[in-house]
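J.: Following this message is one structure expressed as structure tokens.
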There are 2 protein chains.
Amino acid sequence: MLCAVAEEMELEDLDKLRLAIDARDASALLAVAGEIHYADLAHAYENFDDEDRDFLLQTIGPELATDLIGELPWTLIEDALSHFKPAQLRIILGNLSDDDRVDIFQIVSPENQRRFFSLLGPADEQLTRNLLKYEEDTAGGRMTTAIGRITADMTVKQAITVLRRHQDSAETLSRIFVVDEEGRLVGKVRLRDLAFHPWATPIHDIMEDADERVLATIDQEAAARMLSKYDLIVLPVVDEFDHLLGVITYDDAMEILQEESTEDIEKLAAIGGEQSELSYLNTSAQNHFRRRVIWLVALAFVSIFSGYVMYRFSAVLNQAYVLSLFLPMVVAAGGNSGGQAATMVIRAMSLGEVSAGTALRIAWKEMHTGLLLGATLGVAMGAFIYFLLPLMQVQHDITYTRLAATVSGALLIQVFSSTLLGALLPLGARAIRLDPAVVSSPSLASTVDVTGMLIYFTAARLILSL
Amino acid sequence: MLCAVAEEMELEDLDKLRLAIDARDASALLAVAGEIHYADLAHAYENFDDEDRDFLLQTIGPELATDLIGELPWTLIEDALSHFKPAQLRIILGNLSDDDRVDIFQIVSPENQRRFFSLLGPADEQLTRNLLKYEEDTAGGRMTTAIGRITADMTVKQAITVLRRHQDSAETLSRIFVVDEEGRLVGKVRLRDLAFHPWATPIHDIMEDADERVLATIDQEAAARMLSKYDLIVLPVVDEFDHLLGVITYDDAMEILQEESTEDIEKLAAIGGEQSELSYLNTSAQNHFRRRVIWLVALAFVSIFSGYVMYRFSAVLNQAYVLSLFLPMVVAAGGNSGGQAATMVIRAMSLGEVSAGTALRIAWKEMHTGLLLGATLGVAMGAFIYFLLPLMQVQHDITYTRLAATVSGALLIQVFSSTLLGALLPLGARAIRLDPAVVSSPSLASTVDVTGMLIYFTAARLILSL
């Protein structure tokens, strides 16, 4: 039972699973494994040790193991397969859907790839070799070839006969595609149209246009965005001659979009490297460390430039040490406003809202926004210094008017320039084909720290000299 | 034509649309509007002025307008509906899918809601009133009630007859649900099973369990995660007595998950308020300003605490001004490492990877990671100061050994404590039922700025006094 209405039952099942494995009780394990969805089984598998995994895999056998392996994180799959004998592997590799199978062939060692090829039937081998030609992150690398194909000159009855023959291998029959004699995509029909029309109806009477399609070589994210935009269940993948190669399904699209969001979020926080396929808790501290340390050290060295500006302007600070009260604020305001602008622009890019010719419009919008933000912040802080600071008995070596003028002026310039920079960095990164999220976030933070120091001290020196 | 293989054709269509509207050429507009997918039409609509919109809506008529309105951002819908006369509105409101219709009723003014109710047929009115009972962000508020329902005692032929009668109103027939005489969910069949089985087959022979289901009152995100986890096209929504109320579909799930990712990303960058339904470029600068200004001003005032620490420790800085060279770095390292930790934990929460009992394991993992990060950064910066800084001819008023000890020690403590704090803040926020992303990001940034200053100056004072 897997209902969110009864989550306690799910937990109970997981407890039973744990008990059956601890007791090495094969029949109890089989009983409970049949009750648990394989997505949950895969999640539980992550937490087991090697002996537990071996017992589980051997007990459930190659059939159920195929479903389980399809849901495992990549990092665990090669090891999971090593628990099986060649005869069992033959069954598993044969049972896998073609897109899952090619994913596995892409990640295993060359030695294992050769060994796995030798276990495939000739048709599966040919199919897998064909699919391996596409890059992992393209529509072709993500598609499944198991689809319903019929031709326009068939009748509904003939179509149903053809589809019934392939019904187990066709991953989704919710859209059935019509191809011409050369295999070129010419239309689609819905299964319901087959089910609800008289058997003698010719397919070309009920087929619809299949306008939405993508080339096998396009980026998987573009394909996923298209599925999402047009609310499609499947999106046909074609070659440059419009031959139907396969489809991308809605569940792949969901996965691709989620991975991409996670990637953006992590890059914005200066977390590098490949996303761990394991969940947060199952990723080791060493691995978390590795993904964070490089940016952290790099950013630390860049911060010395900020320190250098502060060091060079020691005279200004010595002249009016009360300026230190607002130094961190001016610097931080740049980081905050620049980060907001960069985040908005990067997310808009990810959502496909920003096209090539819109850089100027974005810059204009952010200049406007940055001016409003800088002016508001400058006025608020100036008023605070002028009206409230005198009540707080701070030792001050310059007049409140001069202090307010310094802070407000520096804030206006810092927030305005940081907002603009925050918008321009991602646009610039994309223009030279770098990843906007990776490039912008750290370079922005360190740049506006330095500019903040410079702007503040320059403003202070100017005001002090008046 | 809507293929990513031929984006230039899509652009051409959009150009034609623009031309037809500018020329107020109704027949050209109708021709091109028929070619463009309504999702693209809705996107173009955003950029039109009020008169253009009026011409477009009046020309395409209520039928096509229904599709268009279903794709518009919420903020534009009420205005779009105001362009139609009551007779046209009656058609549009009747044509809308039940879930889109109830969404619209939820956002319009009470006056318009009353007016729209008066235009609905009795069945649609009753349905809409029922659906309005569910909160907008629950499974019930998001579901559609247009589904195929059959009973287990029907034959395949009877089922097909029933379903054919409802085929236009049933949003998706890819899953058909089997209910008992009380309307309780007892199973599901696939349309292909109906299409491929002899007409005399009883439904109970081919139906499968429908284990996955959610209560109408659960959060829409939980429902969307479930669809995604189990790769479902539709997820049944039930009441507490297991009565089948409707379904959530995969395209709603995709939309919900995307909205949620955007929300997380924005909150992490201290951007507040409701997400704009308009795309980035169509949101006004004033609106961008409003969503950013509150946090920006709040954070600025909090930053004064950092300034106050710096102000109070003026004696330390006066004693060895070279310390200023590394002050911004120690402070920033806390922000960076804390931000990384918070981001990882918040994303893991959003992905449903973190359950209630795991707070201690997360804290332990981040302590471990933070120690590694702090030690690495401390050693790297200590080595830099000890071996490379002497070559750079910086005026220094304390020995390089003392400076290295201060900076390394402060970095270790700052990075370790910030990492731990970055992990604990989101966990704490969730424990007291606040939004982890909203609370953690700004409070973390301002807190570690202050602690960084405190740690650095305290370390310096200690080392200087030795």
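Chain labels run A, B, ... following the order of the structure tokens; each chain numbers its residues from 1, and ligands are numbered from 1 in the order shown.
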Counting only C-alpha atoms, what is within 10 Å of region 74-83 of chain A, bar same-chain residues fewer than 4 positions away, as an MDAnalysis selection string?
T.: chainID A and resid 45:46 50 53:55 57:58 62 65:66 68:70 88:89 92:93 103:105 107:109 112 276:278
J.: Can you pull out every residue from region 152-287 of chain B that DSSP, working from the backbone, puts in helix (DSSP H, G or I), and format the result as a PDB file with N, CA and C atoms, in the first residue's frame?
T.:
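Full text of states.pdb as output:
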```
ATOM      1  N   VAL B 156     -16.076  -4.970 -20.851  1.00  0.00           N
ATOM      2  CA  VAL B 156     -15.279  -4.023 -21.625  1.00  0.00           C
ATOM      3  C   VAL B 156     -16.190  -3.211 -22.541  1.00  0.00           C
ATOM      4  N   LYS B 157     -17.174  -3.890 -23.150  1.00  0.00           N
ATOM      5  CA  LYS B 157     -18.042  -3.194 -24.086  1.00  0.00           C
ATOM      6  C   LYS B 157     -18.870  -2.111 -23.385  1.00  0.00           C
ATOM      7  N   GLN B 158     -19.436  -2.470 -22.220  1.00  0.00           N
ATOM      8  CA  GLN B 158     -20.215  -1.476 -21.468  1.00  0.00           C
ATOM      9  C   GLN B 158     -19.334  -0.305 -21.046  1.00  0.00           C
ATOM     10  N   ALA B 159     -18.118  -0.629 -20.629  1.00  0.00           N
ATOM     11  CA  ALA B 159     -17.207   0.428 -20.200  1.00  0.00           C
ATOM     12  C   ALA B 159     -16.922   1.376 -21.352  1.00  0.00           C
ATOM     13  N   ILE B 160     -16.642   0.815 -22.527  1.00  0.00           N
ATOM     14  CA  ILE B 160     -16.345   1.667 -23.680  1.00  0.00           C
ATOM     15  C   ILE B 160     -17.541   2.549 -24.008  1.00  0.00           C
ATOM     16  N   THR B 161     -18.745   1.990 -23.897  1.00  0.00           N
ATOM     17  CA  THR B 161     -19.941   2.778 -24.179  1.00  0.00           C
ATOM     18  C   THR B 161     -20.063   3.955 -23.210  1.00  0.00           C
ATOM     19  N   VAL B 162     -19.858   3.671 -21.925  1.00  0.00           N
ATOM     20  CA  VAL B 162     -19.930   4.733 -20.914  1.00  0.00           C
ATOM     21  C   VAL B 162     -18.882   5.804 -21.187  1.00  0.00           C
ATOM     22  N   LEU B 163     -17.655   5.346 -21.455  1.00  0.00           N
ATOM     23  CA  LEU B 163     -16.562   6.294 -21.635  1.00  0.00           C
ATOM     24  C   LEU B 163     -16.736   7.111 -22.906  1.00  0.00           C
ATOM     25  N   ARG B 164     -17.241   6.486 -23.955  1.00  0.00           N
ATOM     26  CA  ARG B 164     -17.415   7.209 -25.218  1.00  0.00           C
ATOM     27  C   ARG B 164     -18.371   8.378 -25.021  1.00  0.00           C
ATOM     28  N   ARG B 165     -19.392   8.144 -24.175  1.00  0.00           N
ATOM     29  CA  ARG B 165     -20.365   9.193 -23.913  1.00  0.00           C
ATOM     30  C   ARG B 165     -19.685  10.424 -23.288  1.00  0.00           C
ATOM     31  N   LEU B 191      -6.587   2.363 -20.794  1.00  0.00           N
ATOM     32  CA  LEU B 191      -7.392   2.398 -22.006  1.00  0.00           C
ATOM     33  C   LEU B 191      -6.951   1.293 -22.959  1.00  0.00           C
ATOM     34  N   ARG B 192      -5.626   1.033 -22.976  1.00  0.00           N
ATOM     35  CA  ARG B 192      -5.144  -0.008 -23.891  1.00  0.00           C
ATOM     36  C   ARG B 192      -5.720  -1.369 -23.529  1.00  0.00           C
ATOM     37  N   ASP B 193      -5.976  -1.579 -22.214  1.00  0.00           N
ATOM     38  CA  ASP B 193      -6.551  -2.876 -21.834  1.00  0.00           C
ATOM     39  C   ASP B 193      -7.973  -3.004 -22.352  1.00  0.00           C
ATOM     40  N   LEU B 194      -8.678  -1.875 -22.370  1.00  0.00           N
ATOM     41  CA  LEU B 194     -10.022  -1.892 -22.954  1.00  0.00           C
ATOM     42  C   LEU B 194      -9.923  -2.118 -24.464  1.00  0.00           C
ATOM     43  N   ALA B 195      -8.975  -1.444 -25.101  1.00  0.00           N
ATOM     44  CA  ALA B 195      -8.874  -1.527 -26.551  1.00  0.00           C
ATOM     45  C   ALA B 195      -8.437  -2.909 -27.006  1.00  0.00           C
ATOM     46  N   PHE B 196      -7.650  -3.581 -26.205  1.00  0.00           N
ATOM     47  CA  PHE B 196      -7.038  -4.826 -26.660  1.00  0.00           C
ATOM     48  C   PHE B 196      -7.713  -6.093 -26.118  1.00  0.00           C
ATOM     49  N   ILE B 203     -14.692  -6.184 -16.366  1.00  0.00           N
ATOM     50  CA  ILE B 203     -13.670  -5.234 -15.911  1.00  0.00           C
ATOM     51  C   ILE B 203     -12.864  -5.795 -14.742  1.00  0.00           C
ATOM     52  N   HIS B 204     -13.550  -6.515 -13.820  1.00  0.00           N
ATOM     53  CA  HIS B 204     -12.773  -6.952 -12.647  1.00  0.00           C
ATOM     54  C   HIS B 204     -11.686  -7.955 -13.010  1.00  0.00           C
ATOM     55  N   ASP B 205     -11.737  -8.521 -14.221  1.00  0.00           N
ATOM     56  CA  ASP B 205     -10.655  -9.409 -14.648  1.00  0.00           C
ATOM     57  C   ASP B 205      -9.408  -8.645 -15.096  1.00  0.00           C
ATOM     58  N   ILE B 206      -9.604  -7.422 -15.559  1.00  0.00           N
ATOM     59  CA  ILE B 206      -8.448  -6.696 -16.096  1.00  0.00           C
ATOM     60  C   ILE B 206      -8.049  -5.494 -15.241  1.00  0.00           C
ATOM     61  N   GLN B 220      -0.537  20.634  -2.391  1.00  0.00           N
ATOM     62  CA  GLN B 220      -0.359  20.294  -3.804  1.00  0.00           C
ATOM     63  C   GLN B 220       1.071  19.834  -4.115  1.00  0.00           C
ATOM     64  N   GLU B 221       2.037  20.345  -3.363  1.00  0.00           N
ATOM     65  CA  GLU B 221       3.420  19.938  -3.612  1.00  0.00           C
ATOM     66  C   GLU B 221       3.649  18.475  -3.276  1.00  0.00           C
ATOM     67  N   ALA B 222       3.033  18.024  -2.184  1.00  0.00           N
ATOM     68  CA  ALA B 222       3.171  16.617  -1.813  1.00  0.00           C
ATOM     69  C   ALA B 222       2.578  15.739  -2.913  1.00  0.00           C
ATOM     70  N   ALA B 223       1.435  16.159  -3.459  1.00  0.00           N
ATOM     71  CA  ALA B 223       0.810  15.397  -4.538  1.00  0.00           C
ATOM     72  C   ALA B 223       1.706  15.389  -5.777  1.00  0.00           C
ATOM     73  N   ALA B 224       2.284  16.546  -6.098  1.00  0.00           N
ATOM     74  CA  ALA B 224       3.146  16.629  -7.281  1.00  0.00           C
ATOM     75  C   ALA B 224       4.387  15.756  -7.122  1.00  0.00           C
ATOM     76  N   ARG B 225       4.979  15.769  -5.907  1.00  0.00           N
ATOM     77  CA  ARG B 225       6.152  14.916  -5.649  1.00  0.00           C
ATOM     78  C   ARG B 225       5.805  13.449  -5.856  1.00  0.00           C
ATOM     79  N   MET B 226       4.577  13.060  -5.459  1.00  0.00           N
ATOM     80  CA  MET B 226       4.168  11.675  -5.574  1.00  0.00           C
ATOM     81  C   MET B 226       4.023  11.280  -7.039  1.00  0.00           C
ATOM     82  N   LEU B 227       3.404  12.136  -7.831  1.00  0.00           N
ATOM     83  CA  LEU B 227       3.315  11.876  -9.271  1.00  0.00           C
ATOM     84  C   LEU B 227       4.703  11.682  -9.864  1.00  0.00           C
ATOM     85  N   SER B 228       5.621  12.564  -9.459  1.00  0.00           N
ATOM     86  CA  SER B 228       6.961  12.513 -10.006  1.00  0.00           C
ATOM     87  C   SER B 228       7.700  11.263  -9.542  1.00  0.00           C
ATOM     88  N   LYS B 229       7.565  10.935  -8.255  1.00  0.00           N
ATOM     89  CA  LYS B 229       8.290   9.787  -7.706  1.00  0.00           C
ATOM     90  C   LYS B 229       7.857   8.481  -8.360  1.00  0.00           C
ATOM     91  N   TYR B 250      -0.218  14.930 -14.737  1.00  0.00           N
ATOM     92  CA  TYR B 250       1.244  15.123 -14.797  1.00  0.00           C
ATOM     93  C   TYR B 250       1.593  16.561 -15.172  1.00  0.00           C
ATOM     94  N   ASP B 251       0.776  17.227 -16.017  1.00  0.00           N
ATOM     95  CA  ASP B 251       1.158  18.586 -16.430  1.00  0.00           C
ATOM     96  C   ASP B 251       0.966  19.591 -15.293  1.00  0.00           C
ATOM     97  N   ASP B 252      -0.066  19.346 -14.437  1.00  0.00           N
ATOM     98  CA  ASP B 252      -0.186  20.171 -13.238  1.00  0.00           C
ATOM     99  C   ASP B 252       1.018  19.950 -12.334  1.00  0.00           C
ATOM    100  N   ALA B 253       1.420  18.683 -12.206  1.00  0.00           N
ATOM    101  CA  ALA B 253       2.550  18.364 -11.329  1.00  0.00           C
ATOM    102  C   ALA B 253       3.809  19.076 -11.798  1.00  0.00           C
ATOM    103  N   MET B 254       4.029  19.079 -13.120  1.00  0.00           N
ATOM    104  CA  MET B 254       5.218  19.738 -13.662  1.00  0.00           C
ATOM    105  C   MET B 254       5.193  21.225 -13.321  1.00  0.00           C
ATOM    106  N   GLU B 255       4.009  21.826 -13.473  1.00  0.00           N
ATOM    107  CA  GLU B 255       3.866  23.248 -13.188  1.00  0.00           C
ATOM    108  C   GLU B 255       4.101  23.537 -11.705  1.00  0.00           C
ATOM    109  N   ILE B 256       3.530  22.706 -10.855  1.00  0.00           N
ATOM    110  CA  ILE B 256       3.686  22.899  -9.408  1.00  0.00           C
ATOM    111  C   ILE B 256       5.155  22.804  -9.015  1.00  0.00           C
ATOM    112  N   LEU B 257       5.851  21.787  -9.540  1.00  0.00           N
ATOM    113  CA  LEU B 257       7.252  21.601  -9.163  1.00  0.00           C
ATOM    114  C   LEU B 257       8.123  22.745  -9.670  1.00  0.00           C
ATOM    115  N   GLN B 258       7.808  23.251 -10.860  1.00  0.00           N
ATOM    116  CA  GLN B 258       8.582  24.379 -11.388  1.00  0.00           C
ATOM    117  C   GLN B 258       8.355  25.642 -10.560  1.00  0.00           C
ATOM    118  N   GLU B 259       7.084  25.897 -10.216  1.00  0.00           N
ATOM    119  CA  GLU B 259       6.781  27.061  -9.386  1.00  0.00           C
ATOM    120  C   GLU B 259       7.535  26.993  -8.074  1.00  0.00           C
ATOM    121  N   GLU B 260       7.559  25.783  -7.521  1.00  0.00           N
ATOM    122  CA  GLU B 260       8.193  25.611  -6.228  1.00  0.00           C
ATOM    123  C   GLU B 260       9.696  25.839  -6.324  1.00  0.00           C
ATOM    124  N   SER B 261      10.325  25.354  -7.392  1.00  0.00           N
ATOM    125  CA  SER B 261      11.762  25.570  -7.559  1.00  0.00           C
ATOM    126  C   SER B 261      12.061  27.053  -7.697  1.00  0.00           C
ATOM    127  N   THR B 262      11.251  27.745  -8.495  1.00  0.00           N
ATOM    128  CA  THR B 262      11.452  29.180  -8.668  1.00  0.00           C
ATOM    129  C   THR B 262      11.330  29.896  -7.333  1.00  0.00           C
ATOM    130  N   GLU B 263      10.320  29.477  -6.548  1.00  0.00           N
ATOM    131  CA  GLU B 263      10.107  30.079  -5.237  1.00  0.00           C
ATOM    132  C   GLU B 263      11.331  29.901  -4.350  1.00  0.00           C
ATOM    133  N   ASP B 264      11.860  28.689  -4.317  1.00  0.00           N
ATOM    134  CA  ASP B 264      13.051  28.429  -3.501  1.00  0.00           C
ATOM    135  C   ASP B 264      14.218  29.293  -3.945  1.00  0.00           C
ATOM    136  N   ILE B 265      14.428  29.353  -5.257  1.00  0.00           N
ATOM    137  CA  ILE B 265      15.556  30.110  -5.786  1.00  0.00           C
ATOM    138  C   ILE B 265      15.417  31.573  -5.404  1.00  0.00           C
ATOM    139  N   GLU B 266      14.208  32.112  -5.549  1.00  0.00           N
ATOM    140  CA  GLU B 266      14.003  33.524  -5.247  1.00  0.00           C
ATOM    141  C   GLU B 266      14.169  33.810  -3.761  1.00  0.00           C
ATOM    142  N   LYS B 267      13.612  32.936  -2.937  1.00  0.00           N
ATOM    143  CA  LYS B 267      13.722  33.169  -1.501  1.00  0.00           C
ATOM    144  C   LYS B 267      15.174  33.117  -1.061  1.00  0.00           C
ATOM    145  N   LEU B 268      15.948  32.209  -1.635  1.00  0.00           N
ATOM    146  CA  LEU B 268      17.355  32.108  -1.257  1.00  0.00           C
ATOM    147  C   LEU B 268      18.096  33.392  -1.597  1.00  0.00           C
ATOM    148  N   TYR B 280       9.635  37.475 -16.756  1.00  0.00           N
ATOM    149  CA  TYR B 280      10.532  38.488 -16.207  1.00  0.00           C
ATOM    150  C   TYR B 280      10.404  39.817 -16.938  1.00  0.00           C
ATOM    151  N   LEU B 281      10.433  39.764 -18.270  1.00  0.00           N
ATOM    152  CA  LEU B 281      10.448  40.999 -19.043  1.00  0.00           C
ATOM    153  C   LEU B 281       9.120  41.740 -19.006  1.00  0.00           C
ATOM    154  N   ASN B 282       8.022  41.010 -18.807  1.00  0.00           N
ATOM    155  CA  ASN B 282       6.728  41.663 -18.783  1.00  0.00           C
ATOM    156  C   ASN B 282       6.339  42.147 -17.386  1.00  0.00           C
ATOM    157  N   ALA B 285       9.290  47.334 -13.731  1.00  0.00           N
ATOM    158  CA  ALA B 285      10.392  47.626 -12.816  1.00  0.00           C
ATOM    159  C   ALA B 285       9.858  47.914 -11.415  1.00  0.00           C
ATOM    160  N   GLN B 286       8.693  48.599 -11.323  1.00  0.00           N
ATOM    161  CA  GLN B 286       8.093  48.888 -10.020  1.00  0.00           C
ATOM    162  C   GLN B 286       7.795  47.598  -9.268  1.00  0.00           C
ATOM    163  N   ASN B 287       7.311  46.613 -10.014  1.00  0.00           N
ATOM    164  CA  ASN B 287       6.960  45.350  -9.380  1.00  0.00           C
ATOM    165  C   ASN B 287       8.218  44.593  -8.955  1.00  0.00           C
TER     166      ASN B 287
END
```
J.: Quote the spacing between CA of Leu403 (chain B) and CA of Tyr308 (chain A) in Å to one decimal place.
T.: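 Rounded to one decimal, the two atoms are 15.1 Å apart.
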J.: Residues within 8 Å of Ala320 (chain A), please, as a PyMOL selection string. Count only C-alpha atoms; anything in the same chain fewer than 3 positions from it doesn't count.
T.: chain A and resi 316-317+323+396-398
J.: Find the spatial neighbours of region 405-422 of chain A, counting only C-alpha atoms, within a cut-off of 8 Å - ignore same-chain residues fewer than 5 positions away - and output them as number ranges by chain.
T.: A: 326, 330-331, 333-335, 337-342, 363, 366-367, 369-371, 373-375, 377-379, 381-382, 440, 444, 448, 451-452, 455-456, 459-460, 463
J.: Given only C-alpha atoms as the basis, pick out the residue of A:Glu212, A:Leu454, A:Leu296, A:Ser279 nearest to Ile36 (chain B).
T.: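 Between A:Glu212, A:Leu454, A:Leu296, A:Ser279, the residue approaching Ile36 (chain B) most closely is A:Glu212.
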J.: Measure the distance from CA of Gly121 (chain B) to CA of Tyr134 (chain B) in Å and round it to one decimal.
T.: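 CA of Tyr134 (chain B) lies 21.0 Å from CA of Gly121 (chain B).
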J.: When you draw a straight line from CA of Asp124 (chain B) to CA of Val179 (chain B), how long is it in Å?
T.: 22.3 Å
J.: Using only C-alpha atoms, which of the listed residues (A:Ala269, A:Leu424, A:Leu464, A:Met453) sits closest to chain B?
T.: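 Closest to chain B of all the choices is A:Ala269.
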J.: Which is closest to Thr144 (chain B) among B:Lys365, B:Arg312, B:Arg101, B:Arg461, if we use only C-alpha atoms?
T.: B:Arg101
J.: Let's see if you can do this: from backbone DSSP, list all strand (DSSP E) residues in region 96-275 of chain A, as an MDAnalysis selection string.
T.: chainID A and resid 147:150 172:179 185:190 214:215 234:238 244:249
J.: Deliver the residues from the most recent selection as a file, using N, CA and C atoms, as an mmCIF file, in the first residue's frame.
T.:
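As written to disk, result-v8.cif reads:
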```cif
data_model
loop_
_atom_site.group_PDB
_atom_site.id
_atom_site.type_symbol
_atom_site.label_atom_id
_atom_site.label_comp_id
_atom_site.auth_asym_id
_atom_site.auth_seq_id
_atom_site.Cartn_x
_atom_site.Cartn_y
_atom_site.Cartn_z
ATOM 1 N N ILE A 147 7.706 2.744 -29.118
ATOM 2 C CA ILE A 147 6.495 3.520 -29.354
ATOM 3 C C ILE A 147 5.586 2.789 -30.332
ATOM 4 N N GLY A 148 4.331 3.210 -30.317
ATOM 5 C CA GLY A 148 3.401 2.640 -31.283
ATOM 6 C C GLY A 148 3.552 3.344 -32.628
ATOM 7 N N ARG A 149 3.793 2.568 -33.694
ATOM 8 C CA ARG A 149 3.933 3.157 -35.033
ATOM 9 C C ARG A 149 2.928 2.497 -35.959
ATOM 10 N N ILE A 150 2.156 3.296 -36.645
ATOM 11 C CA ILE A 150 1.242 2.747 -37.649
ATOM 12 C C ILE A 150 1.350 3.613 -38.898
ATOM 13 N N THR A 172 4.664 3.837 -23.896
ATOM 14 C CA THR A 172 3.411 4.558 -23.738
ATOM 15 C C THR A 172 2.619 4.463 -25.025
ATOM 16 N N LEU A 173 1.364 4.125 -24.874
ATOM 17 C CA LEU A 173 0.494 4.075 -26.046
ATOM 18 C C LEU A 173 -0.472 5.248 -26.025
ATOM 19 N N SER A 174 -0.238 6.187 -25.095
ATOM 20 C CA SER A 174 -1.192 7.282 -25.014
ATOM 21 C C SER A 174 -1.098 8.158 -26.257
ATOM 22 N N ARG A 175 0.041 8.167 -26.935
ATOM 23 C CA ARG A 175 0.100 8.771 -28.258
ATOM 24 C C ARG A 175 0.681 7.735 -29.212
ATOM 25 N N ILE A 176 0.045 7.563 -30.322
ATOM 26 C CA ILE A 176 0.510 6.608 -31.325
ATOM 27 C C ILE A 176 0.838 7.414 -32.571
ATOM 28 N N PHE A 177 1.984 7.135 -33.167
ATOM 29 C CA PHE A 177 2.434 7.977 -34.264
ATOM 30 C C PHE A 177 2.244 7.298 -35.610
ATOM 31 N N VAL A 178 1.906 8.121 -36.567
ATOM 32 C CA VAL A 178 1.676 7.648 -37.919
ATOM 33 C C VAL A 178 2.906 8.019 -38.748
ATOM 34 N N VAL A 179 3.486 7.027 -39.405
ATOM 35 C CA VAL A 179 4.663 7.274 -40.230
ATOM 36 C C VAL A 179 4.348 6.875 -41.670
ATOM 37 N N LEU A 185 7.704 10.875 -39.859
ATOM 38 C CA LEU A 185 6.557 11.212 -39.012
ATOM 39 C C LEU A 185 5.543 12.048 -39.793
ATOM 40 N N VAL A 186 4.300 11.558 -39.895
ATOM 41 C CA VAL A 186 3.295 12.339 -40.614
ATOM 42 C C VAL A 186 2.087 12.717 -39.752
ATOM 43 N N GLY A 187 1.930 12.099 -38.576
ATOM 44 C CA GLY A 187 0.776 12.455 -37.762
ATOM 45 C C GLY A 187 0.729 11.630 -36.487
ATOM 46 N N LYS A 188 -0.363 11.818 -35.754
ATOM 47 C CA LYS A 188 -0.537 11.043 -34.535
ATOM 48 C C LYS A 188 -2.014 10.717 -34.351
ATOM 49 N N VAL A 189 -2.287 9.643 -33.651
ATOM 50 C CA VAL A 189 -3.659 9.368 -33.241
ATOM 51 C C VAL A 189 -3.639 9.077 -31.753
ATOM 52 N N ARG A 190 -4.778 9.282 -31.118
ATOM 53 C CA ARG A 190 -4.863 8.942 -29.710
ATOM 54 C C ARG A 190 -5.477 7.564 -29.589
ATOM 55 N N VAL A 214 11.069 17.270 -31.991
ATOM 56 C CA VAL A 214 12.407 17.828 -31.801
ATOM 57 C C VAL A 214 13.435 16.964 -32.510
ATOM 58 N N LEU A 215 14.540 17.593 -32.872
ATOM 59 C CA LEU A 215 15.673 16.885 -33.436
ATOM 60 C C LEU A 215 16.390 16.101 -32.340
ATOM 61 N N VAL A 234 4.014 12.829 -24.515
ATOM 62 C CA VAL A 234 5.209 12.381 -25.225
ATOM 63 C C VAL A 234 5.539 13.378 -26.335
ATOM 64 N N LEU A 235 6.820 13.509 -26.604
ATOM 65 C CA LEU A 235 7.288 14.415 -27.649
ATOM 66 C C LEU A 235 8.123 13.584 -28.635
ATOM 67 N N PRO A 236 7.722 13.545 -29.921
ATOM 68 C CA PRO A 236 8.464 12.733 -30.879
ATOM 69 C C PRO A 236 9.858 13.315 -31.156
ATOM 70 N N VAL A 237 10.821 12.424 -31.293
ATOM 71 C CA VAL A 237 12.189 12.798 -31.623
ATOM 72 C C VAL A 237 12.478 12.317 -33.043
ATOM 73 N N VAL A 238 12.971 13.230 -33.882
ATOM 74 C CA VAL A 238 13.194 12.882 -35.292
ATOM 75 C C VAL A 238 14.638 13.207 -35.690
ATOM 76 N N LEU A 244 11.014 9.275 -37.727
ATOM 77 C CA LEU A 244 10.666 9.151 -36.315
ATOM 78 C C LEU A 244 11.637 8.189 -35.635
ATOM 79 N N LEU A 245 12.373 8.676 -34.634
ATOM 80 C CA LEU A 245 13.359 7.841 -33.947
ATOM 81 C C LEU A 245 12.840 7.319 -32.618
ATOM 82 N N GLY A 246 12.068 8.126 -31.920
ATOM 83 C CA GLY A 246 11.589 7.721 -30.602
ATOM 84 C C GLY A 246 10.806 8.846 -29.979
ATOM 85 N N VAL A 247 10.597 8.759 -28.675
ATOM 86 C CA VAL A 247 9.886 9.823 -27.976
ATOM 87 C C VAL A 247 10.554 10.110 -26.639
ATOM 88 N N ILE A 248 10.386 11.341 -26.193
ATOM 89 C CA ILE A 248 10.705 11.711 -24.813
ATOM 90 C C ILE A 248 9.385 11.739 -24.063
ATOM 91 N N THR A 249 9.352 11.145 -22.872
ATOM 92 C CA THR A 249 8.084 11.081 -22.138
ATOM 93 C C THR A 249 8.038 12.117 -21.025
#
```
J.: Smallest atom-to-atom distance to Val293 (chain A): which of B:Ser446, B:Ser314, B:Thr376, B:Thr343, using only C-alpha atoms?
T.: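 Comparing B:Ser446, B:Ser314, B:Thr376, B:Thr343 against Val293 (chain A), the winner is B:Thr376.
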